[in-house]
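Colleague: So I've got this file, work12.pdb, and it contains PDB, C-alpha atoms:
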ATOM      1  CA  MET A   1    -100.512 123.795  23.932
ATOM      2  CA  SER A   2    -101.054 127.356  22.773
ATOM      3  CA  ALA A   3    -103.862 129.535  24.110
ATOM      4  CA  GLU A   4    -106.667 130.598  21.811
ATOM      5  CA  ILE A   5    -107.113 134.375  21.537
ATOM      6  CA  ALA A   6    -110.579 135.892  21.962
ATOM      7  CA  ARG A   7    -111.313 139.517  21.162
ATOM      8  CA  ILE A   8    -113.556 141.470  23.556
ATOM      9  CA  SER A   9    -115.120 144.633  22.140
ATOM     10  CA  LEU A  10    -114.968 147.815  24.229
ATOM     11  CA  SER A  11    -116.389 151.289  23.673
ATOM     12  CA  SER A  12    -113.086 152.488  22.220
ATOM     13  CA  GLY A  13    -111.918 149.345  20.470
ATOM     14  CA  ALA A  14    -111.166 145.811  21.591
ATOM     15  CA  VAL A  15    -108.668 143.822  23.654
ATOM     16  CA  GLU A  16    -107.355 140.338  23.014
ATOM     17  CA  THR A  17    -107.783 137.888  25.856
ATOM     18  CA  VAL A  18    -106.764 134.342  26.702
ATOM     19  CA  MET A  19    -107.674 131.987  29.526
ATOM     20  CA  VAL A  20    -104.803 131.078  31.850
ATOM     21  CA  ASP A  21    -105.563 128.525  34.580
ATOM     22  CA  GLY A  22    -109.248 129.306  34.190
ATOM     23  CA  GLN A  23    -108.808 133.064  34.592
ATOM     24  CA  PRO A  24    -109.085 135.679  31.805
ATOM     25  CA  HIS A  25    -105.841 137.460  30.881
ATOM     26  CA  VAL A  26    -105.275 140.365  28.500
ATOM     27  CA  VAL A  27    -102.641 139.924  25.791
ATOM     28  CA  PHE A  28    -100.493 142.903  26.702
ATOM     29  CA  ARG A  29     -98.716 143.986  23.524
ATOM     30  CA  PRO A  30    -101.715 144.688  21.248
ATOM     31  CA  ALA A  31    -103.493 146.482  24.113
ATOM     32  CA  VAL A  32    -100.470 148.774  24.646
ATOM     33  CA  GLU A  33     -99.942 149.510  20.988
ATOM     34  CA  ALA A  34    -103.681 150.183  20.458
ATOM     35  CA  ILE A  35    -103.410 153.377  22.500
ATOM     36  CA  GLY A  36    -100.141 154.462  20.893
ATOM     37  CA  LEU A  37     -97.606 153.526  23.567
ATOM     38  CA  ALA A  38     -94.246 151.774  23.239
ATOM     39  CA  TYR A  39     -94.656 148.148  24.265
ATOM     40  CA  SER A  40     -91.096 147.594  25.553
ATOM     41  CA  ALA A  41     -91.255 150.632  27.864
ATOM     42  CA  GLN A  42     -94.610 149.579  29.332
ATOM     43  CA  LEU A  43     -93.412 146.022  29.822
ATOM     44  CA  ARG A  44     -90.391 147.303  31.777
ATOM     45  CA  LYS A  45     -92.791 149.308  33.943
ATOM     46  CA  LEU A  46     -94.770 146.192  34.777
ATOM     47  CA  ARG A  47     -91.632 144.287  35.726
ATOM     48  CA  ASP A  48     -90.888 146.937  38.360
ATOM     49  CA  ARG A  49     -94.384 146.908  39.914
ATOM     50  CA  SER A  50     -95.141 144.607  42.852
ATOM     51  CA  TRP A  51     -98.873 144.618  42.040
ATOM     52  CA  ALA A  52     -98.325 143.356  38.475
ATOM     53  CA  SER A  53     -98.986 139.736  37.574
ATOM     54  CA  ARG A  54     -97.741 138.653  34.154
ATOM     55  CA  VAL A  55     -97.185 135.345  32.399
ATOM     56  CA  ASP A  56     -95.476 134.316  29.153
ATOM     57  CA  ILE A  57     -97.725 132.161  26.981
ATOM     58  CA  ASP A  58     -97.885 130.678  23.527
ATOM     59  CA  THR A  59    -100.848 132.155  21.651
ATOM     60  CA  THR A  60    -102.438 131.255  18.351
ATOM     61  CA  GLY A  61    -102.911 134.338  16.184
ATOM     62  CA  ALA A  62    -105.543 134.998  13.524
ATOM     63  CA  ASP A  63    -103.047 133.749  10.921
ATOM     64  CA  GLY A  64    -102.918 130.356  12.649
ATOM     65  CA  LYS A  65     -99.311 130.777  13.743
ATOM     66  CA  THR A  66     -98.020 130.390  17.302
ATOM     67  CA  TYR A  67     -96.522 133.410  19.040
ATOM     68  CA  ARG A  68     -94.829 133.815  22.429
ATOM     69  CA  MET A  69     -96.537 136.748  24.161
ATOM     70  CA  VAL A  70     -97.003 138.356  27.568
ATOM     71  CA  ALA A  71    -100.433 138.247  29.177
ATOM     72  CA  VAL A  72    -101.563 140.011  32.338
ATOM     73  CA  ASP A  73    -104.550 139.275  34.514
ATOM     74  CA  VAL A  74    -107.484 141.687  34.391
ATOM     75  CA  ARG A  75    -106.604 143.244  37.750
ATOM     76  CA  THR A  76    -103.100 144.075  36.538
ATOM     77  CA  PHE A  77    -104.387 145.447  33.229
ATOM     78  CA  LEU A  78    -106.865 147.780  34.945
ATOM     79  CA  MET A  79    -104.232 148.979  37.409
ATOM     80  CA  TRP A  80    -101.797 149.589  34.561
ATOM     81  CA  LEU A  81    -104.397 151.660  32.692
ATOM     82  CA  ALA A  82    -104.906 153.787  35.802
ATOM     83  CA  THR A  83    -101.182 154.658  35.873
ATOM     84  CA  VAL A  84    -100.745 155.494  32.166
ATOM     85  CA  ASN A  85     -99.719 159.096  31.401
ATOM     86  CA  GLU A  86    -102.627 160.543  29.423
ATOM     87  CA  ASN A  87    -100.271 162.911  27.569
ATOM     88  CA  LYS A  88     -98.363 160.020  26.024
ATOM     89  CA  VAL A  89    -101.199 158.067  24.481
ATOM     90  CA  ALA A  90    -102.707 158.447  21.016
ATOM     91  CA  GLU A  91    -105.011 161.452  20.766
ATOM     92  CA  ALA A  92    -107.979 159.309  19.782
ATOM     93  CA  ALA A  93    -107.607 157.163  22.929
ATOM     94  CA  ARG A  94    -107.033 160.065  25.323
ATOM     95  CA  PRO A  95    -110.689 160.980  26.193
ATOM     96  CA  THR A  96    -111.556 157.356  26.972
ATOM     97  CA  LEU A  97    -108.439 156.902  29.124
ATOM     98  CA  ILE A  98    -109.126 160.113  31.055
ATOM     99  CA  ALA A  99    -112.738 159.068  31.695
ATOM    100  CA  TYR A 100    -111.594 155.649  32.909
ATOM    101  CA  GLN A 101    -108.969 157.143  35.234
ATOM    102  CA  GLN A 102    -111.470 159.607  36.700
ATOM    103  CA  GLU A 103    -113.956 156.817  37.351
ATOM    104  CA  THR A 104    -111.197 154.700  38.889
ATOM    105  CA  THR A 105    -110.130 157.440  41.316
ATOM    106  CA  ALA A 106    -113.781 157.952  42.303
ATOM    107  CA  ALA A 107    -114.173 154.214  42.944
ATOM    108  CA  VAL A 108    -110.954 154.028  44.981
ATOM    109  CA  ASN A 109    -112.015 157.045  47.034
ATOM    110  CA  ALA A 110    -115.416 155.454  47.733
ATOM    111  CA  TYR A 111    -113.726 152.163  48.688
ATOM    112  CA  TRP A 112    -111.512 153.760  51.339
ATOM    113  CA  THR A 113    -113.823 156.479  52.643
ATOM    114  CA  GLN A 114    -117.284 154.918  52.297
ATOM    115  CA  GLY A 115    -116.559 151.202  52.541
ATOM    116  CA  GLY A 116    -117.209 150.343  48.906
ATOM    117  CA  ALA A 117    -118.096 151.477  45.411
ATOM    118  CA  ILE A 118    -120.961 150.416  43.123
ATOM    119  CA  ASN A 119    -120.745 150.575  39.341
ATOM    120  CA  PRO A 120    -124.007 152.158  38.062
ATOM    121  CA  ALA A 121    -123.745 149.887  35.024
ATOM    122  CA  ALA A 122    -123.665 146.700  37.134
ATOM    123  CA  THR A 123    -125.999 143.959  35.903
ATOM    124  CA  GLN A 124    -128.744 142.519  38.095
ATOM    125  CA  GLU A 125    -126.660 139.383  38.508
ATOM    126  CA  GLN A 126    -123.633 141.410  39.637
ATOM    127  CA  ALA A 127    -125.776 143.458  42.038
ATOM    128  CA  ALA A 128    -127.214 140.261  43.519
ATOM    129  CA  GLY A 129    -123.693 138.909  43.964
ATOM    130  CA  LEU A 130    -122.656 142.100  45.753
ATOM    131  CA  ARG A 131    -125.662 141.889  48.070
ATOM    132  CA  THR A 132    -124.752 138.310  48.924
ATOM    133  CA  GLU A 133    -121.173 139.357  49.607
ATOM    134  CA  LEU A 134    -122.293 142.242  51.833
ATOM    135  CA  ASP A 135    -124.592 139.903  53.764
ATOM    136  CA  GLY A 136    -121.578 137.661  54.311
ATOM    137  CA  VAL A 137    -119.513 140.616  55.559
ATOM    138  CA  ASP A 138    -122.280 141.563  58.015
ATOM    139  CA  ARG A 139    -122.559 137.982  59.268
ATOM    140  CA  ALA A 140    -118.811 137.704  59.709
ATOM    141  CA  ARG A 141    -118.545 141.022  61.557
ATOM    142  CA  LEU A 142    -121.386 140.138  63.931
ATOM    143  CA  ALA A 143    -119.942 136.670  64.513
ATOM    144  CA  ARG A 144    -116.487 138.099  65.306
ATOM    145  CA  GLU A 145    -118.002 140.540  67.789
ATOM    146  CA  ARG A 146    -119.976 137.792  69.506
ATOM    147  CA  LEU A 147    -117.018 135.422  69.589
ATOM    148  CA  SER A 148    -114.872 138.169  71.100
ATOM    149  CA  ALA A 149    -117.485 138.875  73.761
ATOM    150  CA  MET A 150    -117.809 135.173  74.556
ATOM    151  CA  GLY A 151    -114.021 134.895  74.835
ATOM    152  CA  VAL A 152    -113.998 137.647  77.452
ATOM    153  CA  ALA A 153    -116.908 136.010  79.269
ATOM    154  CA  LYS A 154    -115.074 132.661  79.270
ATOM    155  CA  GLU A 155    -111.888 134.288  80.601
ATOM    156  CA  PHE A 156    -113.766 135.671  83.599
ATOM    157  CA  GLY A 157    -115.658 132.435  84.214
ATOM    158  CA  LEU A 158    -119.027 133.794  83.152
ATOM    159  CA  VAL A 159    -119.798 130.939  80.751
ATOM    160  CA  ASN A 160    -119.073 127.230  80.963
ATOM    161  CA  SER A 161    -117.180 125.261  78.317
ATOM    162  CA  SER A 162    -120.194 123.495  76.764
ATOM    163  CA  TYR A 163    -122.087 126.757  76.285
ATOM    164  CA  MET A 164    -118.977 128.435  74.880
ATOM    165  CA  GLU A 165    -118.424 125.603  72.385
ATOM    166  CA  ALA A 166    -122.055 125.608  71.253
ATOM    167  CA  MET A 167    -122.110 129.370  70.717
ATOM    168  CA  ALA A 168    -118.726 129.325  68.962
ATOM    169  CA  ARG A 169    -119.960 126.674  66.519
ATOM    170  CA  THR A 170    -123.111 128.715  65.890
ATOM    171  CA  GLU A 171    -121.214 131.944  65.225
ATOM    172  CA  LEU A 172    -118.610 130.284  62.996
ATOM    173  CA  ALA A 173    -121.401 128.687  60.974
ATOM    174  CA  ARG A 174    -123.169 132.056  60.699
ATOM    175  CA  MET A 175    -119.880 133.522  59.471
ATOM    176  CA  ASN A 176    -119.895 131.043  56.577
ATOM    177  CA  GLY A 177    -123.630 131.198  55.922
ATOM    178  CA  THR A 178    -124.125 127.543  56.899
ATOM    179  CA  GLU A 179    -126.002 125.614  59.568
ATOM    180  CA  PRO A 180    -124.028 124.965  62.777
ATOM    181  CA  ASP A 181    -122.861 121.420  63.531
ATOM    182  CA  ILE A 182    -123.802 121.257  67.208
ATOM    183  CA  ASP A 183    -124.056 118.333  69.592
ATOM    184  CA  PRO A 184    -127.765 118.147  70.623
ATOM    185  CA  ALA A 185    -126.595 118.241  74.236
ATOM    186  CA  ASP A 186    -125.092 121.689  73.612
ATOM    187  CA  VAL A 187    -128.294 123.247  72.289
ATOM    188  CA  THR A 188    -129.382 126.018  74.646
ATOM    189  CA  ILE A 189    -132.559 126.024  76.723
ATOM    190  CA  THR A 190    -134.235 128.570  79.026
ATOM    191  CA  CYS A 191    -136.912 128.251  81.657
ATOM    192  CA  ASP A 192    -139.492 129.699  79.279
ATOM    193  CA  GLU A 193    -138.651 127.107  76.630
ATOM    194  CA  PHE A 194    -138.792 124.262  79.160
ATOM    195  CA  LEU A 195    -142.170 125.437  80.456
ATOM    196  CA  THR A 196    -143.614 126.056  77.001
ATOM    197  CA  GLU A 197    -142.761 122.475  76.014
ATOM    198  CA  ARG A 198    -144.892 121.383  78.977
ATOM    199  CA  GLY A 199    -147.864 123.462  77.945
ATOM    200  CA  VAL A 200    -147.423 126.320  80.423
ATOM    201  CA  THR A 201    -148.507 129.581  78.775
ATOM    202  CA  GLY A 202    -150.033 133.003  79.454
ATOM    203  CA  THR A 203    -150.139 134.372  82.998
ATOM    204  CA  ALA A 204    -149.177 130.972  84.406
ATOM    205  CA  LEU A 205    -145.902 131.188  82.499
ATOM    206  CA  ARG A 206    -144.920 134.402  84.288
ATOM    207  CA  SER A 207    -145.458 132.823  87.695
ATOM    208  CA  ALA A 208    -143.781 129.547  86.770
ATOM    209  CA  ARG A 209    -140.798 131.318  85.203
ATOM    210  CA  VAL A 210    -139.813 132.843  88.564
ATOM    211  CA  LYS A 211    -140.400 129.733  90.666
ATOM    212  CA  LEU A 212    -138.689 127.325  88.300
ATOM    213  CA  GLY A 213    -135.895 129.743  87.405
ATOM    214  CA  GLN A 214    -134.843 130.263  91.023
ATOM    215  CA  THR A 215    -134.707 126.534  91.687
ATOM    216  CA  VAL A 216    -132.800 125.664  88.505
ATOM    217  CA  ALA A 217    -130.294 128.453  89.129
ATOM    218  CA  SER A 218    -129.723 127.179  92.672
ATOM    219  CA  LEU A 219    -129.111 123.641  91.405
ATOM    220  CA  TYR A 220    -126.771 124.988  88.708
ATOM    221  CA  ARG A 221    -124.685 126.903  91.277
ATOM    222  CA  ALA A 222    -124.441 123.786  93.420
ATOM    223  CA  ARG A 223    -123.161 121.792  90.423
ATOM    224  CA  TYR A 224    -120.706 124.305  88.926
ATOM    225  CA  GLY A 225    -119.920 126.702  91.750
ATOM    226  CA  GLN A 226    -121.043 129.687  89.667
ATOM    227  CA  ALA A 227    -124.224 131.366  88.501
ATOM    228  CA  PRO A 228    -125.651 130.453  85.081
ATOM    229  CA  GLN A 229    -124.733 132.730  82.187
ATOM    230  CA  LYS A 230    -127.308 135.237  81.018
ATOM    231  CA  VAL A 231    -128.214 136.524  77.574
ATOM    232  CA  LYS A 232    -130.637 139.115  76.236
ATOM    233  CA  ARG A 233    -133.999 137.580  75.318
ATOM    234  CA  PRO A 234    -137.356 139.282  74.549
ATOM    235  CA  ILE A 235    -139.731 139.014  77.515
ATOM    236  CA  ASN A 236    -143.172 140.608  77.014
ATOM    237  CA  GLY A 237    -141.733 142.783  74.242
ATOM    238  CA  VAL A 238    -138.700 143.930  76.268
ATOM    239  CA  HIS A 239    -135.194 142.459  76.043
ATOM    240  CA  ARG A 240    -134.114 141.285  79.486
ATOM    241  CA  ASP A 241    -131.214 139.284  80.935
ATOM    242  CA  VAL A 242    -132.317 135.638  80.961
ATOM    243  CA  ALA A 243    -130.446 132.675  82.430
ATOM    244  CA  VAL A 244    -129.582 130.238  79.672
ATOM    245  CA  TYR A 245    -128.464 126.630  79.976
ATOM    246  CA  THR A 246    -127.657 123.759  77.619
ATOM    247  CA  HIS A 247    -129.409 120.424  77.319
ATOM    248  CA  ARG A 248    -126.496 118.872  79.212
ATOM    249  CA  ASP A 249    -128.171 120.375  82.277
ATOM    250  CA  VAL A 250    -131.766 119.583  81.390
ATOM    251  CA  ASP A 251    -131.812 117.159  84.332
ATOM    252  CA  LEU A 252    -131.690 120.239  86.583
ATOM    253  CA  PHE A 253    -134.975 121.373  85.067
ATOM    254  CA  ASP A 254    -136.526 117.947  85.642
ATOM    255  CA  THR A 255    -135.356 117.986  89.270
ATOM    256  CA  ALA A 256    -136.660 121.520  89.812
ATOM    257  CA  TRP A 257    -139.990 120.657  88.183
ATOM    258  CA  ALA A 258    -140.418 117.612  90.437
ATOM    259  CA  GLU A 259    -139.377 119.643  93.499
ATOM    260  CA  LEU A 260    -142.017 122.275  92.793
ATOM    261  CA  ALA A 261    -144.679 119.594  92.329
ATOM    262  CA  ARG A 262    -144.014 118.230  95.819
ATOM    263  CA  HIS A 263    -144.643 121.577  97.516
ATOM    264  CA  TYR A 264    -147.895 122.527  95.787
ATOM    265  CA  ASP A 265    -150.363 121.416  93.158
ATOM    266  CA  VAL A 266    -148.504 122.122  89.917
ATOM    267  CA  GLN A 267    -151.683 121.668  87.889
ATOM    268  CA  THR A 268    -153.516 124.533  89.608
ATOM    269  CA  SER A 269    -150.658 126.754  90.837
ATOM    270  CA  ILE A 270    -148.654 126.854  87.648
ATOM    271  CA  GLY A 271    -151.133 125.829  85.040
ATOM    272  CA  GLY A 272    -149.971 122.425  83.883
ATOM    273  CA  GLY A 273    -149.048 119.075  85.324
ATOM    274  CA  ALA A 274    -145.680 117.364  85.217
ATOM    275  CA  ARG A 275    -145.318 115.038  82.243
TER     276      ARG A 275
END
Would it be possible to restate this file's structure as C-alpha cells?
Modeller:
Amino acid sequence: MSAEIARISLSSGAVETVMVDGQPHVVFRPAVEAIGLAYSAQLRKLRDRSWASRVDIDTTGADGKTYRMVAVDVRTFLMWLATVNENKVAEAARPTLIAYQQETTAAVNAYWTQGGAINPAATQEQAAGLRTELDGVDRARLARERLSAMGVAKEFGLVNSSYMEAMARTELARMNGTEPDIDPADVTITCDEFLTERGVTGTALRSARVKLGQTVASLYRARYGQAPQKVKRPINGVHRDVAVYTHRDVDLFDTAWAELARHYDVQTSIGGGAR
C-alpha cells in the first residue's frame, strides 16, 4: 500500500509528510528542492550520517500516481536542516534557514549547559507535557539517590531485608509515578505511629515515645542482633533520627506495650490504656 501525502504549511512554505509506522516522516526530495539544493547530493550526505534515519516508501502524489520516494523522520529532517550550508540555498530561503540554525544552536547550548531548552512558542499542552516530564525526572533522580543510599546501608548491615525490599518497591514506584506494590507486612511503622493508633497524644506521647521506644529497640536487637534502622522524621517541627520498623515486627510493639503495662498504670502514666 502506498502512503498518502499530507502537506504541512510553514512560515516559508510547506513540507510534504507521510505516516510511517505511526510516526510522521518528511518526504525528502521536495523539501530539498524547495530551498534550491541538489537532491542527489543531499541524499548522499544522509547516507553517510549515523544520526540519519531514512526509509524508501511508495507515495501517492497529487496526480494520483504512485512514486517511490525517500522519507526521513522529523528528527533527521531537523538535524539535516541544521547542517545545511546557508550559502548554497536559494536566496529566498536563506533568512529562514539562518534563523532556524541560530535558534537550534541556542537550544542545543541550553540543553547541554542549562539542562534543557524551552520553545517560547510552545502550546499550553506542550508546556504541561514538559512539566510532567520534569516531574518524572525529579522523581527518578530522588529515587535513584535513595536506592543508592539504601544499598550502602544494606551492605553495612544497617537495614534488614524486609525494610530494604519495602523501600526499594516504594522508590521504584515513585520513579514511575505509580503506587508501590508492597506486602502489608513490609509497611513501615514507628513508635509514634503505634502510640497514635492507641490514642496516645500530646505530652503523654513524648513520655511514651521514650519508654516504648527503648523497649522495642531492645527486643529488636535481641531478635536480629543489630539496632533498628533510623530515618529522618519530623518531631515537634524538627527532623530527627527515628527508629523505624516494619509490620513484620509489630509483635515487638505489642510485647513492649504489655511489658510497660505490668510495671505501672499505663492509663495514668502514659495517657491511654492497652487495647
Colleague: Mind telling me what the PyMOL selection byres ((chain A and resi 231) around 7) catches here, as a list of chain:residue names?
Modeller: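 Going through the file, the PyMOL selection byres ((chain A and resi 231) around 7) ends up selecting A:Gln229, A:Lys230, A:Lys232, A:Arg233, A:Asp241, A:Val242, A:Ala243, A:Val244.
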Colleague: Hey, what comes out of the PyMOL selection byres ((chain A and resi 213) around 9) on this file? Could you write it as a PDB file with C-alpha atoms, in the coordinates of the input?
Modeller:
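What ended up in part-v7.pdb:
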ATOM      1  CA  THR A 190    -134.235 128.570  79.026  1.00  0.00           C
ATOM      2  CA  CYS A 191    -136.912 128.251  81.657  1.00  0.00           C
ATOM      3  CA  ASP A 192    -139.492 129.699  79.279  1.00  0.00           C
ATOM      4  CA  ALA A 208    -143.781 129.547  86.770  1.00  0.00           C
ATOM      5  CA  ARG A 209    -140.798 131.318  85.203  1.00  0.00           C
ATOM      6  CA  VAL A 210    -139.813 132.843  88.564  1.00  0.00           C
ATOM      7  CA  LYS A 211    -140.400 129.733  90.666  1.00  0.00           C
ATOM      8  CA  LEU A 212    -138.689 127.325  88.300  1.00  0.00           C
ATOM      9  CA  GLN A 214    -134.843 130.263  91.023  1.00  0.00           C
ATOM     10  CA  THR A 215    -134.707 126.534  91.687  1.00  0.00           C
ATOM     11  CA  VAL A 216    -132.800 125.664  88.505  1.00  0.00           C
ATOM     12  CA  ALA A 217    -130.294 128.453  89.129  1.00  0.00           C
ATOM     13  CA  SER A 218    -129.723 127.179  92.672  1.00  0.00           C
ATOM     14  CA  ALA A 243    -130.446 132.675  82.430  1.00  0.00           C
ATOM     15  CA  PHE A 253    -134.975 121.373  85.067  1.00  0.00           C
ATOM     16  CA  ALA A 256    -136.660 121.520  89.812  1.00  0.00           C
TER      17      ALA A 256
END
Colleague: Using only C-alpha atoms - which residues lie no farther than 7 Å from the point (-100.4, 155.7, 20.3) in the file's frame? Write them as a VMD selection string.
Modeller: chain A and resid 33 to 37 89 to 90
Colleague: For the file shown, report as a PyMOL selection string the outcome of the PyMOL selection byres ((chain A and resi 28-30) around 12) at residue level.
Modeller: chain A and resi 5+7+13-18+25-27+31-43+46+52-57+59+61+67-74+76-78+80-81
Colleague: Take the point (-127.7, 123.4, 89.5) as written in the file and pick out every residue within 10 Å of it, counting all atoms listed in the file; give the list as a list in words.
Modeller: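 Residues found, by chain and rising number: Thr215, Val216, Ala217, Ser218, Leu219, Tyr220, Arg221, Ala222, Arg223, Tyr224, Gly225, Gln226, Ala227, Pro228, Asp249, Val250, Asp251, Leu252, Phe253, Thr255 and Ala256 of chain A.
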Colleague: Residues near A:Ala106, anyone? I mean within 12 Å using all atoms listed in the file, not counting same-chain ones fewer than 5 positions away, as a VMD selection string.
Modeller: chain A and resid 82 99 to 101 111 to 114 116 to 119
Colleague: What is the atom CA of A:Leu260-atom CA of A:Leu195 distance in Å, reported with one decimal?
Modeller: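 Those two atoms sit 12.7 Å apart.
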Colleague: For the atom pair atom CA of A:Ile189 and atom CA of A:Arg248, what is the interatomic distance in Å to one decimal place?
Modeller: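 Going from atom CA of A:Ile189 over to atom CA of A:Arg248 covers 9.7 Å.
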Colleague: One number please: atom CA of A:Thr246 to atom CA of A:Val187, in Å, one decimal.
Modeller: 5.4 Å
Colleague: Using all atoms listed in the file, can you tell me which of A:Met19, A:Thr66, A:Met79, A:Arg141 comes closest to A:Lys45?
Modeller: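 Of A:Met19, A:Thr66, A:Met79, A:Arg141, the one nearest A:Lys45 is A:Met79, counting all atoms listed in the file.
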